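J.: entry_11.txt is reproduced below (compact mmCIF, C-alpha atoms).
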```txt
# COMPACT_ATOMS: atom_id res chain seq x y z
CA MET A 686 -99.43 38.72 8.35
CA ARG A 687 -101.94 38.66 5.48
CA THR A 688 -102.35 35.22 3.91
CA VAL A 689 -104.55 36.13 0.91
CA ILE A 690 -103.12 37.92 -2.12
CA ILE A 691 -104.02 41.55 -2.72
CA PRO A 692 -103.81 43.43 -6.07
CA ARG A 693 -100.58 45.26 -5.35
CA ASP A 694 -98.80 41.94 -4.74
CA ILE A 695 -99.03 41.26 -8.49
CA PHE A 696 -96.82 44.30 -9.17
CA SER A 697 -94.14 43.23 -6.70
CA ILE A 698 -90.69 41.77 -7.24
CA GLU A 699 -91.91 38.65 -5.44
CA PHE A 700 -94.43 38.03 -8.22
CA ILE A 701 -91.63 38.40 -10.75
CA LEU A 702 -89.68 35.80 -8.78
CA VAL A 703 -92.55 33.32 -9.06
CA LEU A 704 -92.49 33.82 -12.83
CA MET A 705 -88.76 33.09 -12.76
CA LEU A 706 -89.33 29.90 -10.80
CA PHE A 707 -92.11 28.56 -12.98
CA PRO A 708 -91.58 29.54 -16.62
CA GLN A 709 -93.94 26.66 -17.50
CA ILE A 710 -96.94 28.93 -16.86
CA TYR A 711 -96.17 31.23 -19.78
CA GLY A 712 -93.72 29.29 -21.99
CA ASP A 713 -93.29 30.87 -25.42
CA LEU A 714 -96.59 32.69 -25.57
CA THR A 715 -95.04 35.48 -27.61
CA PRO A 716 -92.27 35.60 -30.20
CA TYR A 717 -90.08 37.05 -27.47
CA ARG A 718 -88.57 35.07 -24.62
CA ILE A 719 -90.57 36.27 -21.63
CA ASN A 720 -88.30 34.44 -19.22
CA ILE A 721 -85.31 36.53 -20.36
CA PHE A 722 -87.32 39.69 -19.70
CA VAL A 723 -88.31 38.40 -16.25
CA ASN A 724 -84.68 37.65 -15.40
CA LEU A 725 -83.63 41.14 -16.47
CA ILE A 726 -86.22 42.66 -14.15
CA ALA A 727 -84.73 40.70 -11.26
CA ILE A 728 -81.25 42.03 -12.10
CA VAL A 729 -82.59 45.59 -12.26
CA TYR A 730 -84.18 45.06 -8.83
CA ILE A 731 -80.84 44.04 -7.33
CA LEU A 732 -79.16 47.10 -8.84
CA TYR A 733 -81.94 49.33 -7.50
CA LEU A 734 -81.47 48.02 -3.97
CA LEU A 735 -77.72 48.45 -4.25
CA PHE A 736 -77.61 51.97 -5.66
CA PHE A 737 -80.86 53.71 -4.70
CA ASP A 738 -82.35 51.94 -1.68
CA ASP A 739 -80.94 50.87 1.70
CA GLY A 740 -78.47 48.51 0.13
CA VAL A 741 -78.46 44.74 -0.01
CA ILE A 742 -78.31 42.60 3.10
CA PHE A 743 -76.82 39.12 3.23
CA THR A 744 -76.22 36.80 6.13
CA LYS A 745 -72.89 35.10 6.64
CA ASN A 746 -74.76 31.81 6.26
CA PHE A 747 -75.67 32.91 2.74
CA PHE A 748 -72.06 33.77 1.88
CA ILE A 749 -71.04 30.26 2.94
CA ALA A 750 -73.82 28.57 0.93
CA PHE A 751 -73.13 30.77 -2.09
CA GLY A 752 -69.40 30.17 -1.78
CA LEU A 753 -69.96 26.41 -1.75
CA TYR A 754 -72.03 26.72 -4.91
CA LEU A 755 -69.27 28.73 -6.61
CA VAL A 756 -66.78 25.98 -5.77
CA PHE A 757 -69.20 23.42 -7.22
CA ILE A 758 -69.72 25.19 -10.56
CA SER A 759 -66.00 26.02 -10.77
CA TYR A 760 -65.26 22.30 -10.62
CA ALA A 761 -67.96 21.72 -13.23
CA ALA A 762 -66.22 24.25 -15.48
CA ILE A 763 -62.86 22.53 -15.02
CA SER A 764 -64.43 19.18 -15.95
CA VAL A 765 -64.89 20.48 -19.51
CA LEU A 766 -61.19 19.68 -19.97
CA TRP A 767 -61.86 15.94 -19.91
CA GLY A 768 -65.46 15.93 -21.20
CA PRO A 769 -66.36 14.36 -24.57
CA SER A 770 -67.53 17.61 -26.20
CA PRO A 771 -67.31 21.26 -25.12
CA ASP A 772 -70.32 22.56 -27.09
CA TYR A 773 -73.16 21.20 -24.95
CA SER A 774 -70.95 21.50 -21.88
CA PHE A 775 -70.66 25.27 -22.32
CA SER A 776 -74.41 25.54 -22.87
CA LYS A 777 -75.12 23.74 -19.60
CA LEU A 778 -72.45 25.73 -17.76
CA ALA A 779 -74.02 28.97 -18.96
CA ARG A 780 -77.25 28.08 -17.18
CA LEU A 781 -75.43 27.00 -14.02
CA PHE A 782 -73.36 30.20 -13.95
CA THR A 783 -76.27 32.60 -14.55
CA LEU A 784 -79.75 31.51 -13.51
CA ALA A 785 -78.98 29.54 -10.33
CA PRO A 786 -76.75 32.24 -8.73
CA LEU A 787 -79.31 34.91 -9.66
CA LEU A 788 -82.09 32.94 -7.97
CA MET A 789 -79.99 32.43 -4.85
CA ILE A 790 -79.13 36.14 -4.60
CA VAL A 791 -82.66 37.45 -5.17
CA SER A 792 -84.21 34.91 -2.80
CA ALA A 793 -81.70 35.95 -0.13
CA LEU A 794 -82.74 39.58 -0.58
CA VAL A 795 -86.43 38.70 -0.26
CA ALA A 796 -85.80 36.66 2.88
CA THR A 797 -84.40 39.64 4.78
CA LYS A 798 -87.90 40.92 5.62
CA LYS A 799 -90.88 38.98 6.90
CA GLU A 800 -93.38 40.93 4.77
CA ARG A 801 -91.43 40.01 1.65
CA VAL A 802 -91.46 36.32 2.58
CA TYR A 803 -95.24 36.35 3.10
CA ARG A 804 -95.75 38.25 -0.15
CA LEU A 805 -93.67 35.63 -1.94
CA LEU A 806 -95.80 32.85 -0.42
CA ARG A 807 -99.03 34.63 -1.38
CA CYS A 808 -97.87 35.15 -4.97
CA THR A 809 -96.72 31.54 -5.28
CA LEU A 810 -100.06 30.25 -4.00
CA PHE A 811 -101.91 32.61 -6.33
CA VAL A 812 -100.10 31.29 -9.41
CA SER A 813 -100.59 27.71 -8.22
CA LEU A 814 -104.33 28.33 -7.84
CA ILE A 815 -104.63 29.79 -11.35
CA VAL A 816 -103.15 26.61 -12.81
CA SER A 817 -105.35 24.55 -10.47
CA VAL A 818 -108.53 26.22 -11.72
CA VAL A 819 -107.58 25.37 -15.30
CA SER A 820 -106.81 21.79 -14.30
CA VAL A 821 -110.12 21.35 -12.45
CA TYR A 822 -111.96 22.80 -15.44
CA THR A 823 -110.66 19.96 -17.59
CA LEU A 824 -112.31 17.46 -15.25
CA PHE A 825 -115.63 18.36 -16.87
CA ASP A 826 -114.41 17.99 -20.45
CA PRO A 827 -112.86 14.59 -21.23
CA LYS A 828 -111.45 15.94 -24.50
CA LEU A 829 -109.22 18.40 -22.67
CA SER A 830 -106.10 18.06 -20.56
CA PRO A 831 -104.48 20.90 -18.59
CA TRP A 832 -101.47 20.98 -20.91
CA HIS A 833 -103.85 21.55 -23.86
CA ILE A 834 -104.81 24.90 -22.35
CA LEU A 835 -101.66 26.04 -20.57
CA PRO A 836 -98.27 26.18 -22.31
CA PRO A 837 -96.09 23.95 -20.07
CA ASP A 838 -93.64 21.61 -21.75
CA SER A 839 -95.24 18.59 -20.08
CA HIS A 840 -97.59 17.37 -17.39
CA ILE A 841 -94.69 17.50 -14.94
CA GLY A 842 -94.50 21.28 -15.31
CA ILE A 843 -98.19 21.62 -14.45
CA GLY A 844 -97.87 19.27 -11.50
CA ARG A 845 -94.93 21.19 -10.08
CA VAL A 846 -96.80 24.50 -10.18
CA ILE A 847 -99.84 22.95 -8.50
CA GLY A 848 -97.87 20.97 -5.95
CA ILE A 849 -96.02 23.92 -4.43
CA GLY A 850 -99.33 25.50 -3.44
CA LEU A 851 -100.43 22.68 -1.14
CA PRO A 852 -97.88 23.13 1.71
CA ILE A 853 -98.22 26.93 1.45
CA ALA A 854 -102.01 26.80 1.81
CA LEU A 855 -101.67 24.46 4.80
CA PHE A 856 -99.12 26.79 6.38
CA PHE A 857 -101.59 29.67 6.00
CA VAL A 858 -104.37 27.60 7.58
CA ILE A 859 -102.19 26.84 10.58
CA ASN A 860 -100.99 30.41 11.10
CA SER A 861 -103.98 32.51 10.02
CA THR A 862 -105.46 34.68 12.74
CA ASN A 863 -108.49 35.52 10.61
CA ASN A 864 -111.21 32.84 10.38
CA ARG A 865 -112.24 34.00 6.93
CA ASP A 866 -108.71 33.60 5.62
CA ARG A 867 -108.41 30.22 7.32
CA LEU A 868 -111.60 28.92 5.68
CA LEU A 869 -110.53 30.34 2.33
CA ASN A 870 -107.21 28.52 2.50
CA ILE A 871 -108.98 25.28 3.44
CA PHE A 872 -110.98 25.70 0.24
CA PHE A 873 -107.70 26.32 -1.62
CA ILE A 874 -106.34 23.01 -0.27
CA LEU A 875 -109.36 21.17 -1.64
CA LEU A 876 -109.02 22.91 -5.01
CA LEU A 877 -105.34 22.01 -5.22
CA LEU A 878 -106.02 18.37 -4.37
CA LEU A 879 -108.76 18.22 -7.02
CA SER A 880 -106.49 19.76 -9.63
CA PHE A 881 -104.02 16.91 -9.25
CA LEU A 882 -106.54 14.40 -10.58
CA PRO A 883 -106.44 15.36 -14.30
CA SER A 884 -102.84 16.63 -14.24
CA ASN A 885 -101.33 13.22 -15.08
CA SER A 886 -98.43 14.02 -12.72
CA ARG A 887 -97.07 11.42 -10.34
CA ALA A 888 -93.78 12.89 -9.15
CA PRO A 889 -95.15 16.33 -8.15
CA VAL A 890 -98.04 14.63 -6.32
CA ILE A 891 -95.62 12.51 -4.32
CA ALA A 892 -93.34 15.50 -3.64
CA SER A 893 -96.26 17.69 -2.55
CA ILE A 894 -97.64 15.07 -0.16
CA LEU A 895 -94.21 14.43 1.38
CA SER A 896 -93.59 18.17 1.81
CA VAL A 897 -96.93 18.43 3.63
CA ILE A 898 -95.82 15.58 5.90
CA VAL A 899 -92.62 17.52 6.62
CA LEU A 900 -94.68 20.59 7.52
CA VAL A 901 -97.14 18.62 9.67
CA THR A 902 -94.27 16.94 11.52
CA MET A 903 -92.83 20.31 12.52
CA TYR A 904 -96.20 21.63 13.71
CA TYR A 905 -97.69 18.49 15.20
CA LYS A 906 -96.42 19.05 18.74
CA ASN A 907 -98.05 22.48 19.11
CA LYS A 908 -100.94 22.47 16.63
CA GLY A 909 -101.36 18.82 15.79
CA LYS A 910 -105.15 18.62 16.21
CA LYS A 911 -105.77 21.60 13.95
CA VAL A 912 -103.47 20.26 11.26
CA LEU A 913 -104.95 16.77 11.31
CA LEU A 914 -108.51 18.12 11.21
CA VAL A 915 -107.76 20.14 8.08
CA LEU A 916 -106.05 17.22 6.35
CA VAL A 917 -108.81 14.73 7.22
CA ALA A 918 -111.46 17.14 5.89
CA ALA A 919 -109.52 17.78 2.67
CA ILE A 920 -108.75 14.09 2.02
CA THR A 921 -112.37 13.09 2.75
CA SER A 922 -113.61 15.67 0.26
CA LEU A 923 -111.07 14.47 -2.30
CA LEU A 924 -112.11 10.82 -1.95
CA THR A 925 -115.76 11.82 -2.27
CA THR A 926 -114.99 13.68 -5.47
CA ILE A 927 -113.10 10.69 -6.89
CA LEU A 928 -116.13 8.48 -6.23
CA LEU A 929 -118.44 11.01 -7.92
CA VAL A 930 -116.24 11.80 -10.92
CA GLY A 931 -114.90 8.29 -11.36
CA PRO A 932 -111.62 6.53 -10.60
CA ASN A 933 -110.40 6.49 -14.23
CA LEU A 934 -108.59 9.79 -13.97
CA PRO A 935 -105.06 10.19 -15.40
CA THR A 936 -103.23 10.76 -12.14
CA ILE A 937 -105.16 8.10 -10.20
CA ASP A 938 -104.57 5.60 -12.99
CA ARG A 939 -100.81 6.28 -13.20
CA VAL A 940 -100.26 6.23 -9.42
CA SER A 941 -102.26 3.01 -8.99
CA LYS A 942 -100.22 1.34 -11.74
CA LEU A 943 -97.02 2.44 -10.04
CA LEU A 944 -98.16 1.01 -6.71
CA ARG A 945 -99.06 -2.30 -8.38
CA GLY A 946 -95.67 -2.46 -10.08
CA ASP A 947 -97.29 -2.12 -13.51
CA LEU A 948 -94.77 0.31 -14.98
CA ASP A 949 -95.70 2.37 -18.02
CA SER A 950 -93.26 3.48 -20.73
CA SER A 951 -92.37 6.65 -18.83
CA ALA A 952 -91.41 4.81 -15.65
CA ILE A 953 -89.46 2.17 -17.60
CA SER A 954 -87.59 4.90 -19.46
CA ARG A 955 -86.65 6.58 -16.16
CA LEU A 956 -85.28 3.35 -14.75
CA GLU A 957 -83.24 2.82 -17.89
CA GLN A 958 -81.81 6.33 -17.58
CA TYR A 959 -80.96 5.72 -13.92
CA GLU A 960 -79.13 2.55 -14.89
CA LEU A 961 -77.24 4.34 -17.68
CA ALA A 962 -76.18 7.16 -15.35
CA TYR A 963 -74.94 4.60 -12.82
CA GLN A 964 -72.94 2.78 -15.49
CA PHE A 965 -71.43 6.04 -16.77
CA TRP A 966 -70.40 6.90 -13.20
CA LEU A 967 -68.60 3.56 -12.85
CA GLU A 968 -66.52 4.46 -15.93
CA SER A 969 -65.07 7.48 -14.09
CA PRO A 970 -66.16 7.31 -10.45
CA VAL A 971 -63.95 10.01 -8.92
CA LEU A 972 -63.78 12.87 -11.42
CA GLY A 973 -66.78 12.04 -13.59
CA ASN A 974 -67.05 12.17 -17.37
CA GLY A 975 -67.33 15.94 -17.60
CA ILE A 976 -70.22 18.38 -17.35
CA GLY A 977 -72.84 17.76 -20.05
CA SER A 978 -71.42 14.34 -20.95
CA PHE A 979 -74.58 12.28 -20.29
CA PRO A 980 -76.31 12.81 -23.68
CA ILE A 981 -73.09 12.25 -25.65
CA LEU A 982 -72.28 9.06 -23.75
CA ARG A 983 -75.85 7.85 -24.16
CA HIS A 984 -76.45 8.65 -27.82
CA GLY A 985 -72.91 8.87 -29.20
CA PRO A 986 -70.86 11.70 -30.75
CA GLY A 987 -72.85 14.34 -32.57
CA HIS A 988 -75.90 14.04 -30.33
CA GLU A 989 -75.27 17.21 -28.38
CA TYR A 990 -78.76 18.02 -27.24
CA ARG A 991 -80.30 18.35 -23.83
CA ASP A 992 -80.69 14.99 -22.14
CA TYR A 993 -80.36 13.92 -18.52
CA PRO A 994 -81.22 11.01 -16.20
CA HIS A 995 -84.04 12.89 -14.39
CA ASN A 996 -82.24 12.67 -11.07
CA ILE A 997 -79.76 15.39 -10.13
CA PHE A 998 -77.72 13.10 -7.88
CA LEU A 999 -77.22 10.49 -10.58
CA GLU A 1000 -76.66 13.29 -13.07
CA VAL A 1001 -73.89 14.80 -10.96
CA LEU A 1002 -72.34 11.41 -10.24
CA SER A 1003 -72.18 10.46 -13.92
CA GLU A 1004 -70.87 13.85 -15.09
CA LEU A 1005 -68.85 15.15 -12.12
CA GLY A 1006 -68.08 11.99 -10.17
CA LEU A 1007 -67.72 11.68 -6.42
CA VAL A 1008 -65.99 15.07 -6.26
CA GLY A 1009 -69.00 16.88 -7.73
CA PHE A 1010 -71.44 14.76 -5.72
CA LEU A 1011 -69.72 15.66 -2.45
CA LEU A 1012 -69.61 19.36 -3.36
CA LEU A 1013 -73.36 19.35 -4.11
CA SER A 1014 -74.00 17.40 -0.91
CA PHE A 1015 -72.10 20.01 1.11
CA ILE A 1016 -74.43 22.72 -0.21
CA LEU A 1017 -77.57 20.76 0.65
CA MET A 1018 -76.30 19.59 4.04
CA TYR A 1019 -75.26 23.11 5.00
CA SER A 1020 -78.77 24.36 4.14
CA ILE A 1021 -80.29 21.65 6.32
CA LEU A 1022 -77.82 22.44 9.12
CA THR A 1023 -78.75 26.12 8.95
CA PHE A 1024 -82.40 25.19 9.36
CA THR A 1025 -81.85 22.82 12.29
CA ARG A 1026 -79.85 25.47 14.19
CA ASN A 1027 -82.43 28.23 13.77
CA HIS A 1028 -85.90 26.82 13.13
CA ASN A 1029 -87.13 27.24 16.70
CA SER A 1030 -86.74 31.02 16.51
CA ASN A 1031 -88.69 31.53 13.29
CA LYS A 1032 -92.02 29.90 12.38
CA GLU A 1033 -91.63 30.92 8.73
CA SER A 1034 -88.67 28.56 8.48
CA SER A 1035 -91.06 25.59 8.59
CA ILE A 1036 -92.70 26.42 5.27
CA ILE A 1037 -89.37 27.35 3.67
CA PHE A 1038 -87.94 23.99 4.71
CA ALA A 1039 -91.06 22.23 3.38
CA ILE A 1040 -90.49 24.00 0.03
CA PHE A 1041 -86.84 22.94 0.18
CA ALA A 1042 -87.93 19.33 0.74
CA TYR A 1043 -90.44 19.63 -2.12
CA SER A 1044 -87.70 20.85 -4.46
CA ILE A 1045 -85.25 18.06 -3.54
CA ILE A 1046 -87.87 15.34 -4.03
CA ASN A 1047 -88.80 16.75 -7.43
CA ALA A 1048 -85.15 17.09 -8.39
CA SER A 1049 -84.69 13.41 -7.64
CA ILE A 1050 -87.39 12.43 -10.13
CA SER A 1051 -87.48 14.97 -12.95
CA PHE A 1052 -85.65 17.76 -14.76
CA ASP A 1053 -81.90 18.37 -14.81
CA LEU A 1054 -79.72 20.22 -12.32
CA ALA A 1055 -79.78 23.60 -14.04
CA ASN A 1056 -83.55 23.56 -14.49
CA ASN A 1057 -84.46 22.74 -10.88
CA ARG A 1058 -84.83 26.42 -10.13
CA LEU A 1059 -86.82 26.02 -6.93
CA LEU A 1060 -83.96 24.09 -5.32
CA PHE A 1061 -81.46 26.92 -5.63
CA PHE A 1062 -84.12 29.45 -4.69
CA SER A 1063 -85.00 27.64 -1.46
CA ILE A 1064 -81.30 27.34 -0.57
CA GLY A 1065 -81.04 31.13 -0.72
CA LEU A 1066 -84.15 31.50 1.44
CA LEU A 1067 -82.97 29.03 4.09
CA SER A 1068 -79.57 30.65 4.42
CA THR A 1069 -80.98 34.16 4.87
CA LEU A 1070 -84.31 33.85 6.66
CA PHE A 1071 -82.64 34.33 10.05
CA VAL A 1072 -81.37 37.84 9.43
CA ASN A 1073 -81.30 39.06 13.01
CA HIS A 1074 -77.62 38.22 13.42
CA ASN A 1075 -74.38 37.92 11.45
CA ILE A 1076 -75.49 40.51 8.90
CA VAL A 1077 -73.42 42.05 6.15
CA ARG A 1078 -74.94 45.11 4.48
CA ILE A 1079 -73.56 46.30 1.15
CA GLN A 1080 -74.64 49.76 0.06
CA VAL A 1081 -73.42 52.00 -2.72
CA ASN A 1082 -74.14 55.69 -2.35
CA LEU A 1083 -74.72 56.65 -5.97
CA GLN A 1084 -73.83 60.30 -5.56
CA SER A 1085 -70.64 59.42 -3.68
CA LYS A 1086 -69.80 56.77 -6.24
CA LEU A 1087 -70.13 59.29 -9.06
CA GLU A 1088 -67.76 61.61 -7.23
CA ASN A 1089 -65.04 59.28 -6.00
CA GLY A 1090 -66.15 55.65 -6.52
CA ASP A 1091 -66.52 54.86 -2.82
CA LEU A 1092 -68.15 51.61 -1.77
CA THR A 1093 -69.64 51.39 1.72
CA LEU A 1094 -69.48 47.98 3.35
CA SER A 1095 -70.68 47.58 6.91
CA SER A 1096 -71.44 44.60 9.10
CA ALA A 1097 -73.50 44.05 12.21
CA LYS A 1098 -73.18 41.17 14.61
```
How would this structure read if it were set down as structure tokens?

T.:
Amino acid sequence: MRTVIIPRDIFSIEFILVLMLFPQIYGDLTPYRINIFVNLIAIVYILYLLFFDDGVIFTKNFFIAFGLYLVFISYAAISVLWGPSPDYSFSKLARLFTLAPLLMIVSALVATKKERVYRLLRCTLFVSLIVSVVSVYTLFDPKLSPWHILPPDSHIGIGRVIGIGLPIALFFVINSTNNRDRLLNIFFILLLLLSFLPSNSRAPVIASILSVIVLVTMYYKNKGKKVLLVLVAAITSLLTTILLVGPNLPTIDRVSKLLRGDLDSSAISRLEQYELAYQFWLESPVLGNGIGSFPILRHGPGHEYRDYPHNIFLEVLSELGLVGFLLLSFILMYSILTFTRNHNSNKESSIIFAIFAYSIINASISFDLANNRLLFFSIGLLSTLFVNHNIVRIQVNLQSKLENGDLTLSSAK
């Protein structure tokens, strides 16, 4: 399979999916909400497959994972009954009921065909590289930072877009059959590592490195020497660049402080939020305080704006209690179980699982549950990537539907 993006990839549904996953790269560049437009395109794509193409294909694994998610958000909806305020609760529920299910469904449709999966990986790496080029450019101008050029909400948004590219580029290096593509992806790895330096992002750096470790672990037995050679070359080049450019770079400075235990205001604030979430959970450990309750409990009545503890597990514990935590854990554990049962039959599963690991690590450090889009997306991919068995195909013949409303549902085992 091709590992370098080609022009027609940019006009694919997979490229639209990348825009859905990382709205930080365009933000509010126009008076209109581009992300709403992107989401509508994804819905139109699903309808096209259903009514005009070969139908939509889902695995039974996906139905189980999706069903578990529906149980989870149903409980979240019920928790409004005992929450402190319904206004913010309904706003948060709206995102959980719309965007996350849409991402799971579309990712499952993409995962039914190998060429779609590779196109998705190429498009994701392409977007990551664009942001990386901007970030590296700021290395040569001390007055600039990447978030002064791109529209992300924060440095974390930039880091997340860059970080996802690293395991993908390494996967392409390992599996490329073309030496030119392999060398090109090695260069991409170096570019991505360099772009971390001015990004001022700690959490995405940690998540990206750990996801690479996950990928290397799965490949080490068969291709360990090749993987280690690439990583040693990339890290050596990175260290050389740090020595040439100077160690006083934002990311290096923040990571070194963290390792020394010299916490900055951001890290201290996170720890305080973790402690608050834990205390709120103790107030109602089984059922939780209700979806969207964290900001009201933290700031008092009337402060119904978006706030969260920057850790989805503590967020769920404080708002939905042990019941919600267990329901979320079932979804994640089932995704991991699906991978462990099938990964030997599909090499693409290794990179999907690495992306899944990347999303969980990030979700444990930043953003709220509804905004960790990559997590739900990777769950849909993991549950559908093995589409050679237990298939359910849903197809609507438009002409027949217009005549008598028939719906064709067939399954193959």

J.: Could you check how far CA of Arg1026 in chain A sits from CA of Phe1062 in chain A, in Å to one decimal?

T.: 19.8 Å

J.: If we count only C-alpha atoms and set the cut-off at 9 Å, which residues sit around Ala1055 in chain A, ignoring sequence neighbours fewer than 3 positions away in its own chain? Please answer as an mmCIF file with C-alpha atoms, keeping the file's coordinate frame.

T.:
```cif
data_model
loop_
_atom_site.group_PDB
_atom_site.id
_atom_site.type_symbol
_atom_site.label_atom_id
_atom_site.label_comp_id
_atom_site.auth_asym_id
_atom_site.auth_seq_id
_atom_site.Cartn_x
_atom_site.Cartn_y
_atom_site.Cartn_z
ATOM 1 C CA LYS A 777 -75.120 23.740 -19.600
ATOM 2 C CA LEU A 778 -72.450 25.730 -17.760
ATOM 3 C CA ARG A 780 -77.250 28.080 -17.180
ATOM 4 C CA LEU A 781 -75.430 27.000 -14.020
ATOM 5 C CA LEU A 784 -79.750 31.510 -13.510
ATOM 6 C CA ALA A 785 -78.980 29.540 -10.330
ATOM 7 C CA PHE A 1052 -85.650 17.760 -14.760
ATOM 8 C CA ARG A 1058 -84.830 26.420 -10.130
#
```

J.: Which residues come within 7 Å of Phe757 in chain A, counting only C-alpha atoms, excluding same-chain residues fewer than 4 positions away, as a list in words?

T.: Leu753, Ala761, Gly1009, Leu1012 and Leu1013 of chain A

J.: What is the CA of Ile726 in chain A-CA of Leu788 in chain A distance in Å, reported with one decimal?

T.: 12.2 Å

J.: Quick one, how far is CA of Ile843 in chain A from CA of Leu879 in chain A?

T.: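 For CA of Ile843 in chain A relative to CA of Leu879 in chain A, the distance reads 13.4 Å.
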
J.: Applying 12 Å and only C-alpha atoms, which residues near Tyr773 in chain A remain after dropping the ones on its own chain fewer than 5 positions away? List them as a PyMOL selection string.

T.: chain A and resi 765+768+778-780+975-981+986-992

J.: Since we have the selection now, will you write its residues out, keeping C-alpha atoms, as a compact mmCIF listing (two decimals), in the frame of the given file?

T.:
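The result, written out as out_38.txt:
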```txt
# COMPACT_ATOMS: atom_id res chain seq x y z
CA VAL A 765 -64.89 20.48 -19.51
CA GLY A 768 -65.46 15.93 -21.20
CA LEU A 778 -72.45 25.73 -17.76
CA ALA A 779 -74.02 28.97 -18.96
CA ARG A 780 -77.25 28.08 -17.18
CA GLY A 975 -67.33 15.94 -17.60
CA ILE A 976 -70.22 18.38 -17.35
CA GLY A 977 -72.84 17.76 -20.05
CA SER A 978 -71.42 14.34 -20.95
CA PHE A 979 -74.58 12.28 -20.29
CA PRO A 980 -76.31 12.81 -23.68
CA ILE A 981 -73.09 12.25 -25.65
CA PRO A 986 -70.86 11.70 -30.75
CA GLY A 987 -72.85 14.34 -32.57
CA HIS A 988 -75.90 14.04 -30.33
CA GLU A 989 -75.27 17.21 -28.38
CA TYR A 990 -78.76 18.02 -27.24
CA ARG A 991 -80.30 18.35 -23.83
CA ASP A 992 -80.69 14.99 -22.14
```

J.: Which residues are near range 698-708 of chain A? Cut-off 9 Å, only C-alpha atoms, ignore same chain within fewer than 3 positions. Put them as a PyMOL selection string.

T.: chain A and resi 694-695+711-712+719-720+723-724+726-727+730+788+791-792+795+801-802+804-809+812+837+842+845-846+1057-1059+1062

J.: Write out the residues from the selection above, keeping C-alpha atoms, as a CSV table (one decimal), keeping the file's coordinate frame.

T.:
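Once everything was written out, this is result.csv:
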```csv
chain,number,residue,atom,x,y,z
A,694,ASP,CA,-98.8,41.9,-4.7
A,695,ILE,CA,-99.0,41.3,-8.5
A,711,TYR,CA,-96.2,31.2,-19.8
A,712,GLY,CA,-93.7,29.3,-22.0
A,719,ILE,CA,-90.6,36.3,-21.6
A,720,ASN,CA,-88.3,34.4,-19.2
A,723,VAL,CA,-88.3,38.4,-16.2
A,724,ASN,CA,-84.7,37.6,-15.4
A,726,ILE,CA,-86.2,42.7,-14.2
A,727,ALA,CA,-84.7,40.7,-11.3
A,730,TYR,CA,-84.2,45.1,-8.8
A,788,LEU,CA,-82.1,32.9,-8.0
A,791,VAL,CA,-82.7,37.4,-5.2
A,792,SER,CA,-84.2,34.9,-2.8
A,795,VAL,CA,-86.4,38.7,-0.3
A,801,ARG,CA,-91.4,40.0,1.6
A,802,VAL,CA,-91.5,36.3,2.6
A,804,ARG,CA,-95.8,38.2,-0.2
A,805,LEU,CA,-93.7,35.6,-1.9
A,806,LEU,CA,-95.8,32.8,-0.4
A,807,ARG,CA,-99.0,34.6,-1.4
A,808,CYS,CA,-97.9,35.2,-5.0
A,809,THR,CA,-96.7,31.5,-5.3
A,812,VAL,CA,-100.1,31.3,-9.4
A,837,PRO,CA,-96.1,24.0,-20.1
A,842,GLY,CA,-94.5,21.3,-15.3
A,845,ARG,CA,-94.9,21.2,-10.1
A,846,VAL,CA,-96.8,24.5,-10.2
A,1057,ASN,CA,-84.5,22.7,-10.9
A,1058,ARG,CA,-84.8,26.4,-10.1
A,1059,LEU,CA,-86.8,26.0,-6.9
A,1062,PHE,CA,-84.1,29.4,-4.7
```

J.: Using only C-alpha atoms, pick whichever of A:Leu982, A:Ile853, A:Leu875, A:Val858 has the shortest atom-to-atom distance to Ile1037 in chain A.

T.: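 That would be A:Ile853, the residue with the smallest distance to Ile1037 in chain A.
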
J.: For Leu1067 in chain A, which residue out of A:Thr797, A:Ser813, A:Ser886, A:Thr862 is the nearest one, using all atoms listed in the file?

T.: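 Result for the nearest residue to Leu1067 in chain A: A:Thr797.
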
J.: Considering only C-alpha atoms, can you say which of A:Val899, A:Met1018, A:Leu877, A:Ile1036 comes closest to Ile749 in chain A?

T.: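 Comparing A:Val899, A:Met1018, A:Leu877, A:Ile1036 against Ile749 in chain A, the winner is A:Met1018.
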
J.: Pick out the closest residue to Phe881 in chain A from this set: A:Pro786, A:Gly848, A:Gly1065, A:Gly973. Count all atoms listed in the file.

T.: A:Gly848
